[in-house]
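Student: A single structure is presented below for examination.
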Amino acid sequence: PIEASASAPFSDGTWLLSHNGIVDRAVLPAARHTESTNDSALLAALIFDRDMEALADTITGVAADDPNARLNIVAGNGSRLLATTWGDTLSVLRRDDGVVLASEPYDDDPGWQEIPDRHLVEVENSRVHLTPLRGS
């Protein structure tokens, strides 16, 4: 349903998380602490339960259970961004005042770079690090 509890960003009190994509809810465990049962809310609950440091393993595990899933995640905690590309586009723009991650470029700045599919993106202190996701 369209309601605030079913809409991103989702939070565990430390991280804000958004999911761009779709996943079969049948492959996601029930979450007792989420107010919504939509796929994004359940996926966010699973990611929070398993810890953000396990994001890559969580995404590859869900993708193995649902080969048609699109699992682009962007999460931030105020000093760090973590993201995944799995089946949808993600772009990065390095600026003098920081780093922007977006599903697609929002302007015609020539600095936008597409992140390859099936990668983990880590942004900290304006440094961008890409790691291929297992199962790629």
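We name chains A, B, ... following the order of the structure tokens; residues begin at 1 in each chain, and ligands are numbered from 1 as shown.
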Can you pull out every residue from chain A that DSSP, working from the backbone, puts in helix (DSSP H, G or I), and format the result as a PyMOL selection string?
Tutor: chain A and resi 4-6+25-27+39-50+52-65
Student: Env of Arg127 in chain A: 10 Å cut, atoms = only C-alpha atoms, seq-sep filter 6 positions within chain, self excluded. Answer as an MDAnalysis selection string.
Tutor: chainID A and resid 80 94 98:99
Student: Any chance you can output those residues with N, CA, C and O atoms as a PDB file, in the first residue's frame?
Tutor:
```pdb
ATOM      1  N   ARG A  80      29.301   8.197   5.724  1.00  0.00           N
ATOM      2  CA  ARG A  80      29.641   7.097   4.820  1.00  0.00           C
ATOM      3  C   ARG A  80      28.439   6.740   3.965  1.00  0.00           C
ATOM      4  O   ARG A  80      27.299   6.771   4.447  1.00  0.00           O
ATOM      5  N   ARG A  94      31.764  12.926  -8.813  1.00  0.00           N
ATOM      6  CA  ARG A  94      32.707  13.446  -7.825  1.00  0.00           C
ATOM      7  C   ARG A  94      32.735  14.959  -7.976  1.00  0.00           C
ATOM      8  O   ARG A  94      33.003  15.469  -9.054  1.00  0.00           O
ATOM      9  N   GLY A  98      31.987  16.989  -2.377  1.00  0.00           N
ATOM     10  CA  GLY A  98      31.565  15.649  -1.994  1.00  0.00           C
ATOM     11  C   GLY A  98      31.276  14.776  -3.193  1.00  0.00           C
ATOM     12  O   GLY A  98      31.683  15.070  -4.317  1.00  0.00           O
ATOM     13  N   VAL A  99      30.565  13.688  -2.928  1.00  0.00           N
ATOM     14  CA  VAL A  99      30.251  12.684  -3.937  1.00  0.00           C
ATOM     15  C   VAL A  99      28.745  12.514  -4.004  1.00  0.00           C
ATOM     16  O   VAL A  99      28.074  12.462  -2.970  1.00  0.00           O
TER      17      VAL A  99
END
```
Student: Run DSSP on the backbone of this structure and report the residues of chain A it assigns to strand (DSSP E or B), as a JSON list (two decimals) with all heavy atoms, in the first residue's frame.
Tutor:
```
[["chain", "number", "residue", "atom", "x", "y", "z"],
["A", 10, "PHE", "N", 14.26, 4.03, 4.61],
["A", 10, "PHE", "CA", 14.04, 3.21, 5.80],
["A", 10, "PHE", "C", 15.21, 3.46, 6.74],
["A", 10, "PHE", "O", 16.30, 3.82, 6.29],
["A", 10, "PHE", "CB", 13.97, 1.73, 5.41],
["A", 10, "PHE", "CG", 12.88, 1.47, 4.40],
["A", 10, "PHE", "CD1", 13.17, 1.37, 3.05],
["A", 10, "PHE", "CD2", 11.57, 1.34, 4.81],
["A", 10, "PHE", "CE1", 12.16, 1.14, 2.12],
["A", 10, "PHE", "CE2", 10.55, 1.12, 3.88],
["A", 10, "PHE", "CZ", 10.86, 1.01, 2.53],
["A", 11, "SER", "N", 15.01, 3.29, 8.03],
["A", 11, "SER", "CA", 16.07, 3.61, 8.99],
["A", 11, "SER", "C", 16.13, 2.59, 10.11],
["A", 11, "SER", "O", 15.11, 2.06, 10.54],
["A", 11, "SER", "CB", 15.85, 4.99, 9.59],
["A", 11, "SER", "OG", 16.87, 5.29, 10.51],
["A", 16, "LEU", "N", 20.16, 5.47, 6.91],
["A", 16, "LEU", "CA", 19.01, 5.66, 6.04],
["A", 16, "LEU", "C", 19.26, 4.84, 4.80],
["A", 16, "LEU", "O", 20.39, 4.83, 4.28],
["A", 16, "LEU", "CB", 18.82, 7.12, 5.66],
["A", 16, "LEU", "CG", 18.44, 8.07, 6.78],
["A", 16, "LEU", "CD1", 18.40, 9.51, 6.26],
["A", 16, "LEU", "CD2", 17.09, 7.70, 7.37],
["A", 17, "LEU", "N", 18.25, 4.13, 4.31],
["A", 17, "LEU", "CA", 18.43, 3.20, 3.20],
["A", 17, "LEU", "C", 17.28, 3.33, 2.22],
["A", 17, "LEU", "O", 16.12, 3.44, 2.61],
["A", 17, "LEU", "CB", 18.50, 1.77, 3.75],
["A", 17, "LEU", "CG", 18.70, 0.63, 2.78],
["A", 17, "LEU", "CD1", 19.49, -0.49, 3.44],
["A", 17, "LEU", "CD2", 17.41, 0.09, 2.23],
["A", 18, "SER", "N", 17.64, 3.28, 0.94],
["A", 18, "SER", "CA", 16.64, 3.29, -0.12],
["A", 18, "SER", "C", 16.92, 2.13, -1.07],
["A", 18, "SER", "O", 18.08, 1.82, -1.35],
["A", 18, "SER", "CB", 16.71, 4.61, -0.88],
["A", 18, "SER", "OG", 15.73, 4.65, -1.89],
["A", 19, "HIS", "N", 15.86, 1.51, -1.56],
["A", 19, "HIS", "CA", 15.96, 0.40, -2.52],
["A", 19, "HIS", "C", 15.31, 0.82, -3.82],
["A", 19, "HIS", "O", 14.15, 1.23, -3.83],
["A", 19, "HIS", "CB", 15.24, -0.84, -1.95],
["A", 19, "HIS", "CG", 15.04, -1.94, -2.94],
["A", 19, "HIS", "ND1", 13.83, -2.57, -3.08],
["A", 19, "HIS", "CD2", 15.87, -2.52, -3.83],
["A", 19, "HIS", "CE1", 13.93, -3.51, -4.00],
["A", 19, "HIS", "NE2", 15.16, -3.49, -4.49],
["A", 20, "ASN", "N", 16.05, 0.73, -4.91],
["A", 20, "ASN", "CA", 15.51, 0.96, -6.24],
["A", 20, "ASN", "C", 15.52, -0.39, -6.95],
["A", 20, "ASN", "O", 16.58, -0.92, -7.27],
["A", 20, "ASN", "CB", 16.37, 1.98, -7.01],
["A", 20, "ASN", "CG", 15.82, 2.27, -8.38],
["A", 20, "ASN", "OD1", 14.65, 2.03, -8.65],
["A", 20, "ASN", "ND2", 16.67, 2.78, -9.25],
["A", 21, "GLY", "N", 14.36, -0.96, -7.14],
["A", 21, "GLY", "CA", 14.29, -2.26, -7.79],
["A", 21, "GLY", "C", 13.06, -3.03, -7.35],
["A", 21, "GLY", "O", 12.06, -2.44, -6.92],
["A", 22, "ILE", "N", 13.18, -4.34, -7.43],
["A", 22, "ILE", "CA", 12.08, -5.22, -7.06],
["A", 22, "ILE", "C", 12.67, -6.56, -6.64],
["A", 22, "ILE", "O", 13.69, -6.99, -7.17],
["A", 22, "ILE", "CB", 11.08, -5.39, -8.23],
["A", 22, "ILE", "CG1", 9.83, -6.11, -7.78],
["A", 22, "ILE", "CG2", 11.74, -6.06, -9.42],
["A", 22, "ILE", "CD1", 8.69, -6.04, -8.81],
["A", 70, "ARG", "N", 16.01, -6.99, -8.85],
["A", 70, "ARG", "CA", 16.82, -5.78, -9.11],
["A", 70, "ARG", "C", 17.08, -5.18, -7.73],
["A", 70, "ARG", "O", 16.14, -4.84, -7.01],
["A", 70, "ARG", "CB", 16.08, -4.82, -10.04],
["A", 70, "ARG", "CG", 15.91, -5.42, -11.44],
["A", 70, "ARG", "CD", 15.42, -4.41, -12.48],
["A", 70, "ARG", "NE", 14.45, -3.44, -12.01],
["A", 70, "ARG", "CZ", 13.12, -3.59, -12.05],
["A", 70, "ARG", "NH1", 12.60, -4.71, -12.51],
["A", 70, "ARG", "NH2", 12.34, -2.64, -11.62],
["A", 71, "LEU", "N", 18.32, -5.06, -7.37],
["A", 71, "LEU", "CA", 18.69, -4.78, -5.98],
["A", 71, "LEU", "C", 19.66, -3.61, -5.85],
["A", 71, "LEU", "O", 20.74, -3.75, -5.30],
["A", 71, "LEU", "CB", 19.29, -6.04, -5.35],
["A", 71, "LEU", "CG", 18.37, -7.26, -5.34],
["A", 71, "LEU", "CD1", 19.16, -8.54, -5.03],
["A", 71, "LEU", "CD2", 17.26, -7.06, -4.33],
["A", 72, "ASN", "N", 19.27, -2.47, -6.34],
["A", 72, "ASN", "CA", 20.09, -1.29, -6.13],
["A", 72, "ASN", "C", 19.74, -0.69, -4.77],
["A", 72, "ASN", "O", 18.59, -0.37, -4.50],
["A", 72, "ASN", "CB", 19.86, -0.25, -7.22],
["A", 72, "ASN", "CG", 20.66, -0.54, -8.46],
["A", 72, "ASN", "OD1", 20.96, -1.69, -8.76],
["A", 72, "ASN", "ND2", 21.02, 0.50, -9.17],
["A", 73, "ILE", "N", 20.75, -0.58, -3.95],
["A", 73, "ILE", "CA", 20.62, -0.04, -2.59],
["A", 73, "ILE", "C", 21.52, 1.19, -2.48],
["A", 73, "ILE", "O", 22.64, 1.18, -2.98],
["A", 73, "ILE", "CB", 21.07, -1.08, -1.54],
["A", 73, "ILE", "CG1", 20.21, -2.34, -1.60],
["A", 73, "ILE", "CG2", 21.10, -0.48, -0.13],
["A", 73, "ILE", "CD1", 18.77, -2.13, -1.21],
["A", 74, "VAL", "N", 21.04, 2.22, -1.83],
["A", 74, "VAL", "CA", 21.88, 3.35, -1.42],
["A", 74, "VAL", "C", 21.58, 3.58, 0.06],
["A", 74, "VAL", "O", 20.42, 3.71, 0.45],
["A", 74, "VAL", "CB", 21.61, 4.62, -2.24],
["A", 74, "VAL", "CG1", 22.42, 5.79, -1.69],
["A", 74, "VAL", "CG2", 21.93, 4.42, -3.71],
["A", 75, "ALA", "N", 22.63, 3.60, 0.88],
["A", 75, "ALA", "CA", 22.47, 3.80, 2.31],
["A", 75, "ALA", "C", 23.53, 4.77, 2.80],
["A", 75, "ALA", "O", 24.67, 4.74, 2.34],
["A", 75, "ALA", "CB", 22.59, 2.47, 3.06],
["A", 76, "GLY", "N", 23.14, 5.62, 3.74],
["A", 76, "GLY", "CA", 24.08, 6.58, 4.30],
["A", 76, "GLY", "C", 23.89, 6.74, 5.79],
["A", 76, "GLY", "O", 22.79, 6.56, 6.30],
["A", 80, "ARG", "N", 29.30, 8.20, 5.72],
["A", 80, "ARG", "CA", 29.64, 7.10, 4.82],
["A", 80, "ARG", "C", 28.44, 6.74, 3.96],
["A", 80, "ARG", "O", 27.30, 6.77, 4.45],
["A", 80, "ARG", "CB", 30.06, 5.89, 5.66],
["A", 80, "ARG", "CG", 30.64, 4.76, 4.92],
["A", 80, "ARG", "CD", 31.23, 3.77, 5.92],
["A", 80, "ARG", "NE", 31.62, 2.56, 5.24],
["A", 80, "ARG", "CZ", 31.47, 1.35, 5.74],
["A", 80, "ARG", "NH1", 30.95, 1.19, 6.93],
["A", 80, "ARG", "NH2", 31.85, 0.31, 5.05],
["A", 81, "LEU", "N", 28.69, 6.40, 2.70],
["A", 81, "LEU", "CA", 27.66, 5.87, 1.82],
["A", 81, "LEU", "C", 28.04, 4.47, 1.40],
["A", 81, "LEU", "O", 29.21, 4.19, 1.11],
["A", 81, "LEU", "CB", 27.53, 6.72, 0.55],
["A", 81, "LEU", "CG", 26.92, 8.11, 0.66],
["A", 81, "LEU", "CD1", 27.06, 8.84, -0.68],
["A", 81, "LEU", "CD2", 25.46, 8.02, 1.06],
["A", 82, "LEU", "N", 27.06, 3.58, 1.37],
["A", 82, "LEU", "CA", 27.22, 2.25, 0.80],
["A", 82, "LEU", "C", 26.13, 2.08, -0.23],
["A", 82, "LEU", "O", 24.99, 2.53, -0.03],
["A", 82, "LEU", "CB", 27.07, 1.16, 1.87],
["A", 82, "LEU", "CG", 28.16, 1.06, 2.92],
["A", 82, "LEU", "CD1", 27.79, -0.01, 3.96],
["A", 82, "LEU", "CD2", 29.49, 0.72, 2.28],
["A", 83, "ALA", "N", 26.45, 1.44, -1.33],
["A", 83, "ALA", "CA", 25.47, 1.23, -2.38],
["A", 83, "ALA", "C", 25.77, -0.06, -3.11],
["A", 83, "ALA", "O", 26.90, -0.57, -3.06],
["A", 83, "ALA", "CB", 25.48, 2.40, -3.37],
["A", 84, "THR", "N", 24.75, -0.59, -3.77],
["A", 84, "THR", "CA", 24.94, -1.75, -4.64],
["A", 84, "THR", "C", 24.27, -1.48, -5.97],
["A", 84, "THR", "O", 23.28, -0.75, -6.04],
["A", 84, "THR", "CB", 24.33, -3.04, -4.05],
["A", 84, "THR", "OG1", 22.92, -2.87, -3.85],
["A", 84, "THR", "CG2", 25.00, -3.42, -2.73],
["A", 85, "THR", "N", 24.84, -2.06, -7.00],
["A", 85, "THR", "CA", 24.19, -2.10, -8.31],
["A", 85, "THR", "C", 23.90, -3.56, -8.60],
["A", 85, "THR", "O", 24.79, -4.41, -8.51],
["A", 85, "THR", "CB", 25.08, -1.53, -9.42],
["A", 85, "THR", "OG1", 26.31, -2.25, -9.47],
["A", 85, "THR", "CG2", 25.37, -0.06, -9.20],
["A", 91, "SER", "N", 24.87, 5.89, -10.95],
["A", 91, "SER", "CA", 25.92, 6.78, -11.44],
["A", 91, "SER", "C", 26.54, 7.53, -10.28],
["A", 91, "SER", "O", 25.91, 7.76, -9.25],
["A", 91, "SER", "CB", 25.35, 7.78, -12.44],
["A", 91, "SER", "OG", 24.90, 7.11, -13.60],
["A", 92, "VAL", "N", 27.80, 7.94, -10.47],
["A", 92, "VAL", "CA", 28.53, 8.69, -9.45],
["A", 92, "VAL", "C", 29.07, 9.98, -10.07],
["A", 92, "VAL", "O", 29.48, 10.00, -11.23],
["A", 92, "VAL", "CB", 29.68, 7.85, -8.84],
["A", 92, "VAL", "CG1", 30.71, 7.47, -9.88],
["A", 92, "VAL", "CG2", 30.32, 8.55, -7.66],
["A", 93, "LEU", "N", 29.03, 11.04, -9.27],
["A", 93, "LEU", "CA", 29.60, 12.32, -9.66],
["A", 93, "LEU", "C", 30.50, 12.78, -8.52],
["A", 93, "LEU", "O", 30.04, 12.96, -7.39],
["A", 93, "LEU", "CB", 28.50, 13.36, -9.91],
["A", 93, "LEU", "CG", 28.97, 14.77, -10.26],
["A", 93, "LEU", "CD1", 29.74, 14.78, -11.59],
["A", 93, "LEU", "CD2", 27.77, 15.72, -10.31],
["A", 94, "ARG", "N", 31.76, 12.93, -8.81],
["A", 94, "ARG", "CA", 32.71, 13.45, -7.83],
["A", 94, "ARG", "C", 32.74, 14.96, -7.98],
["A", 94, "ARG", "O", 33.00, 15.47, -9.05],
["A", 94, "ARG", "CB", 34.08, 12.84, -8.06],
["A", 94, "ARG", "CG", 34.16, 11.37, -7.75],
["A", 94, "ARG", "CD", 35.46, 10.77, -8.30],
["A", 94, "ARG", "NE", 35.59, 9.36, -7.99],
["A", 94, "ARG", "CZ", 35.14, 8.38, -8.77],
["A", 94, "ARG", "NH1", 34.51, 8.66, -9.91],
["A", 94, "ARG", "NH2", 35.30, 7.11, -8.43],
["A", 95, "ARG", "N", 32.45, 15.67, -6.87],
["A", 95, "ARG", "CA", 32.41, 17.13, -6.87],
["A", 95, "ARG", "C", 33.42, 17.65, -5.86],
["A", 95, "ARG", "O", 33.87, 16.89, -5.00],
["A", 95, "ARG", "CB", 31.01, 17.62, -6.52],
["A", 95, "ARG", "CG", 29.93, 17.15, -7.47],
["A", 95, "ARG", "CD", 28.54, 17.44, -6.96],
["A", 95, "ARG", "NE", 28.46, 18.66, -6.18],
["A", 95, "ARG", "CZ", 27.69, 19.70, -6.48],
["A", 95, "ARG", "NH1", 26.92, 19.66, -7.53],
["A", 95, "ARG", "NH2", 27.67, 20.77, -5.71],
["A", 98, "GLY", "N", 31.99, 16.99, -2.38],
["A", 98, "GLY", "CA", 31.56, 15.65, -1.99],
["A", 98, "GLY", "C", 31.28, 14.78, -3.19],
["A", 98, "GLY", "O", 31.68, 15.07, -4.32],
["A", 99, "VAL", "N", 30.56, 13.69, -2.93],
["A", 99, "VAL", "CA", 30.25, 12.68, -3.94],
["A", 99, "VAL", "C", 28.74, 12.51, -4.00],
["A", 99, "VAL", "O", 28.07, 12.46, -2.97],
["A", 99, "VAL", "CB", 30.92, 11.33, -3.59],
["A", 99, "VAL", "CG1", 30.50, 10.23, -4.54],
["A", 99, "VAL", "CG2", 32.44, 11.47, -3.57],
["A", 100, "VAL", "N", 28.22, 12.42, -5.22],
["A", 100, "VAL", "CA", 26.79, 12.19, -5.44],
["A", 100, "VAL", "C", 26.62, 10.80, -6.04],
["A", 100, "VAL", "O", 27.30, 10.45, -7.01],
["A", 100, "VAL", "CB", 26.20, 13.24, -6.41],
["A", 100, "VAL", "CG1", 24.73, 12.95, -6.67],
["A", 100, "VAL", "CG2", 26.39, 14.64, -5.87],
["A", 101, "LEU", "N", 25.72, 10.00, -5.47],
["A", 101, "LEU", "CA", 25.28, 8.74, -6.07],
["A", 101, "LEU", "C", 23.82, 8.93, -6.46],
["A", 101, "LEU", "O", 23.02, 9.42, -5.66],
["A", 101, "LEU", "CB", 25.38, 7.59, -5.07],
["A", 101, "LEU", "CG", 26.77, 7.12, -4.68],
["A", 101, "LEU", "CD1", 26.68, 6.04, -3.61],
["A", 101, "LEU", "CD2", 27.53, 6.61, -5.89],
["A", 102, "ALA", "N", 23.48, 8.54, -7.68],
["A", 102, "ALA", "CA", 22.11, 8.70, -8.16],
["A", 102, "ALA", "C", 21.78, 7.59, -9.15],
["A", 102, "ALA", "O", 22.68, 7.08, -9.84],
["A", 102, "ALA", "CB", 21.93, 10.06, -8.83],
["A", 113, "GLN", "N", 29.79, 9.30, -14.00],
["A", 113, "GLN", "CA", 30.30, 8.00, -14.44],
["A", 113, "GLN", "C", 29.30, 6.93, -14.01],
["A", 113, "GLN", "O", 28.80, 6.94, -12.88],
["A", 113, "GLN", "CB", 31.65, 7.69, -13.80],
["A", 113, "GLN", "CG", 32.74, 8.65, -14.22],
["A", 113, "GLN", "CD", 34.04, 8.34, -13.50],
["A", 113, "GLN", "OE1", 34.07, 8.14, -12.29],
["A", 113, "GLN", "NE2", 35.12, 8.29, -14.26],
["A", 114, "GLU", "N", 29.03, 6.00, -14.93],
["A", 114, "GLU", "CA", 28.13, 4.89, -14.59],
["A", 114, "GLU", "C", 28.90, 3.85, -13.79],
["A", 114, "GLU", "O", 30.03, 3.51, -14.12],
["A", 114, "GLU", "CB", 27.55, 4.27, -15.86],
["A", 114, "GLU", "CG", 26.49, 3.23, -15.54],
["A", 114, "GLU", "CD", 25.74, 2.74, -16.76],
["A", 114, "GLU", "OE1", 25.68, 3.48, -17.77],
["A", 114, "GLU", "OE2", 25.20, 1.62, -16.69],
["A", 119, "HIS", "N", 28.05, -4.40, -8.42],
["A", 119, "HIS", "CA", 29.17, -3.88, -7.65],
["A", 119, "HIS", "C", 28.68, -3.30, -6.32],
["A", 119, "HIS", "O", 27.56, -2.81, -6.22],
["A", 119, "HIS", "CB", 29.90, -2.78, -8.42],
["A", 119, "HIS", "CG", 30.92, -3.30, -9.36],
["A", 119, "HIS", "ND1", 30.59, -3.93, -10.54],
["A", 119, "HIS", "CD2", 32.28, -3.32, -9.29],
["A", 119, "HIS", "CE1", 31.69, -4.30, -11.16],
["A", 119, "HIS", "NE2", 32.73, -3.94, -10.42],
["A", 120, "LEU", "N", 29.55, -3.36, -5.35],
["A", 120, "LEU", "CA", 29.38, -2.66, -4.08],
["A", 120, "LEU", "C", 30.15, -1.35, -4.20],
["A", 120, "LEU", "O", 31.29, -1.34, -4.68],
["A", 120, "LEU", "CB", 29.94, -3.48, -2.92],
["A", 120, "LEU", "CG", 29.98, -2.80, -1.55],
["A", 120, "LEU", "CD1", 28.57, -2.63, -1.01],
["A", 120, "LEU", "CD2", 30.85, -3.60, -0.58],
["A", 121, "VAL", "N", 29.53, -0.26, -3.79],
["A", 121, "VAL", "CA", 30.15, 1.06, -3.83],
["A", 121, "VAL", "C", 30.29, 1.54, -2.39],
["A", 121, "VAL", "O", 29.33, 1.51, -1.62],
["A", 121, "VAL", "CB", 29.27, 2.07, -4.61],
["A", 121, "VAL", "CG1", 29.95, 3.42, -4.69],
["A", 121, "VAL", "CG2", 28.91, 1.53, -5.99],
["A", 122, "GLU", "N", 31.50, 1.96, -2.04],
["A", 122, "GLU", "CA", 31.74, 2.52, -0.71],
["A", 122, "GLU", "C", 32.30, 3.93, -0.90],
["A", 122, "GLU", "O", 33.28, 4.11, -1.62],
["A", 122, "GLU", "CB", 32.75, 1.68, 0.06],
["A", 122, "GLU", "CG", 32.26, 0.26, 0.31],
["A", 122, "GLU", "CD", 33.31, -0.58, 1.01],
["A", 122, "GLU", "OE1", 33.49, -0.39, 2.24],
["A", 122, "GLU", "OE2", 33.94, -1.41, 0.33],
["A", 123, "VAL", "N", 31.66, 4.90, -0.25],
["A", 123, "VAL", "CA", 32.11, 6.29, -0.32],
["A", 123, "VAL", "C", 32.39, 6.76, 1.10],
["A", 123, "VAL", "O", 31.51, 6.71, 1.97],
["A", 123, "VAL", "CB", 31.05, 7.21, -0.97],
["A", 123, "VAL", "CG1", 31.56, 8.65, -1.02],
["A", 123, "VAL", "CG2", 30.67, 6.72, -2.36],
["A", 124, "GLU", "N", 33.63, 7.19, 1.31],
["A", 124, "GLU", "CA", 34.01, 7.73, 2.61],
["A", 124, "GLU", "C", 35.10, 8.78, 2.37],
["A", 124, "GLU", "O", 36.04, 8.52, 1.61],
["A", 124, "GLU", "CB", 34.51, 6.62, 3.52],
["A", 124, "GLU", "CG", 34.61, 7.04, 4.97],
["A", 124, "GLU", "CD", 34.78, 5.86, 5.91],
["A", 124, "GLU", "OE1", 35.08, 4.74, 5.46],
["A", 124, "GLU", "OE2", 34.62, 6.08, 7.11],
["A", 127, "ARG", "N", 36.24, 9.55, -1.11],
["A", 127, "ARG", "CA", 36.87, 8.47, -1.88],
["A", 127, "ARG", "C", 35.79, 7.46, -2.26],
["A", 127, "ARG", "O", 34.96, 7.08, -1.43],
["A", 127, "ARG", "CB", 37.96, 7.79, -1.07],
["A", 127, "ARG", "CG", 39.21, 8.66, -0.91],
["A", 127, "ARG", "CD", 40.33, 7.88, -0.23],
["A", 127, "ARG", "NE", 39.90, 7.40, 1.08],
["A", 127, "ARG", "CZ", 40.30, 7.91, 2.23],
["A", 127, "ARG", "NH1", 41.13, 8.92, 2.25],
["A", 127, "ARG", "NH2", 39.87, 7.42, 3.37],
["A", 128, "VAL", "N", 35.84, 7.01, -3.50],
["A", 128, "VAL", "CA", 34.88, 6.04, -4.02],
["A", 128, "VAL", "C", 35.63, 4.74, -4.30],
["A", 128, "VAL", "O", 36.63, 4.73, -5.03],
["A", 128, "VAL", "CB", 34.22, 6.54, -5.32],
["A", 128, "VAL", "CG1", 33.24, 5.51, -5.87],
["A", 128, "VAL", "CG2", 33.51, 7.87, -5.07],
["A", 129, "HIS", "N", 35.16, 3.65, -3.69],
["A", 129, "HIS", "CA", 35.79, 2.34, -3.88],
["A", 129, "HIS", "C", 34.73, 1.39, -4.41],
["A", 129, "HIS", "O", 33.63, 1.28, -3.84],
["A", 129, "HIS", "CB", 36.37, 1.82, -2.56],
["A", 129, "HIS", "CG", 37.03, 0.51, -2.69],
["A", 129, "HIS", "ND1", 38.26, 0.36, -3.28],
["A", 129, "HIS", "CD2", 36.62, -0.73, -2.35],
["A", 129, "HIS", "CE1", 38.59, -0.93, -3.28],
["A", 129, "HIS", "NE2", 37.61, -1.60, -2.71],
["A", 130, "LEU", "N", 35.05, 0.69, -5.51],
["A", 130, "LEU", "CA", 34.13, -0.29, -6.11],
["A", 130, "LEU", "C", 34.68, -1.70, -5.90],
["A", 130, "LEU", "O", 35.87, -1.94, -6.10],
["A", 130, "LEU", "CB", 34.00, -0.05, -7.62],
["A", 130, "LEU", "CG", 33.53, 1.33, -8.07],
["A", 130, "LEU", "CD1", 33.48, 1.39, -9.58],
["A", 130, "LEU", "CD2", 32.19, 1.66, -7.48],
["A", 131, "THR", "N", 33.76, -2.60, -5.54],
["A", 131, "THR", "CA", 34.12, -4.01, -5.37],
["A", 131, "THR", "C", 33.09, -4.85, -6.13],
["A", 131, "THR", "O", 31.89, -4.72, -5.88],
["A", 131, "THR", "CB", 34.06, -4.41, -3.88],
["A", 131, "THR", "OG1", 34.91, -3.54, -3.13],
["A", 131, "THR", "CG2", 34.50, -5.85, -3.68],
["A", 132, "PRO", "N", 33.55, -5.72, -7.05],
["A", 132, "PRO", "CA", 32.60, -6.61, -7.72],
["A", 132, "PRO", "C", 31.90, -7.50, -6.69],
["A", 132, "PRO", "O", 32.51, -7.96, -5.73],
["A", 132, "PRO", "CB", 33.48, -7.45, -8.66],
["A", 132, "PRO", "CG", 34.74, -6.66, -8.82],
["A", 132, "PRO", "CD", 34.93, -5.91, -7.52]]
```
Student: Within 10 Å of Asp65 in chain A, counting only C-alpha atoms, which residues show up once you throw out same-chain ones fewer than 6 positions away? Write them as an MDAnalysis selection string, please.
Tutor: chainID A and resid 23:24 26:28 59
Student: Let me see the file: selected residues, N, CA, C and O atoms, as a JSON list (two decimals), in the first residue's frame.
Tutor:
```
[["chain", "number", "residue", "atom", "x", "y", "z"],
["A", 23, "VAL", "N", 12.02, -7.19, -5.68],
["A", 23, "VAL", "CA", 12.43, -8.52, -5.24],
["A", 23, "VAL", "C", 11.17, -9.27, -4.82],
["A", 23, "VAL", "O", 10.23, -8.69, -4.27],
["A", 24, "ASP", "N", 11.15, -10.56, -5.09],
["A", 24, "ASP", "CA", 10.02, -11.40, -4.71],
["A", 24, "ASP", "C", 9.97, -11.49, -3.18],
["A", 24, "ASP", "O", 10.92, -11.98, -2.56],
["A", 26, "ALA", "N", 8.57, -13.44, -1.36],
["A", 26, "ALA", "CA", 8.61, -14.83, -0.87],
["A", 26, "ALA", "C", 10.02, -15.26, -0.49],
["A", 26, "ALA", "O", 10.18, -16.20, 0.31],
["A", 27, "VAL", "N", 11.06, -14.60, -1.01],
["A", 27, "VAL", "CA", 12.43, -14.99, -0.67],
["A", 27, "VAL", "C", 12.95, -14.21, 0.53],
["A", 27, "VAL", "O", 14.07, -14.46, 0.99],
["A", 28, "LEU", "N", 12.15, -13.27, 1.04],
["A", 28, "LEU", "CA", 12.57, -12.46, 2.18],
["A", 28, "LEU", "C", 11.90, -12.95, 3.45],
["A", 28, "LEU", "O", 10.70, -13.24, 3.45],
["A", 59, "ILE", "N", 23.00, -8.96, -0.35],
["A", 59, "ILE", "CA", 22.49, -8.74, -1.70],
["A", 59, "ILE", "C", 22.73, -9.96, -2.59],
["A", 59, "ILE", "O", 21.84, -10.40, -3.32]]
```
Student: Between A:Glu104, A:Leu90, A:Arg134, A:Ser7, which residue has the minimum interatomic distance to Leu42 in chain A, considering only C-alpha atoms?
Tutor: A:Ser7
Student: Could you check the closest approach to Leu46 in chain A for each of A:Ile115, A:Pro29, A:Asn68, A:Gly61 and tell me which residue wins, using only C-alpha atoms?
Tutor: A:Pro29
Student: Between CA of Gly13 in chain A and CA of Arg118 in chain A, measure the distance and give it in Å to one decimal.
Tutor: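 Taking CA of Gly13 in chain A as the start and CA of Arg118 in chain A as the end point, the length is 27.2 Å.
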Student: Calculated over only C-alpha atoms, which of the candidates A:Leu133, A:Pro67, A:Trp86, A:Asp97 has the smallest distance to Ala54 in chain A?
Tutor: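 That would be A:Leu133, the residue with the smallest distance to Ala54 in chain A.
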Student: CA of Asp12 in chain A and CA of Leu55 in chain A, how far apart in Å?
Tutor: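 The value is 14.2 Å.
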Student: CA of Asn77 in chain A and CA of Thr14 in chain A, how far apart in Å?
Tutor: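 These atoms are spaced 5.9 Å apart.
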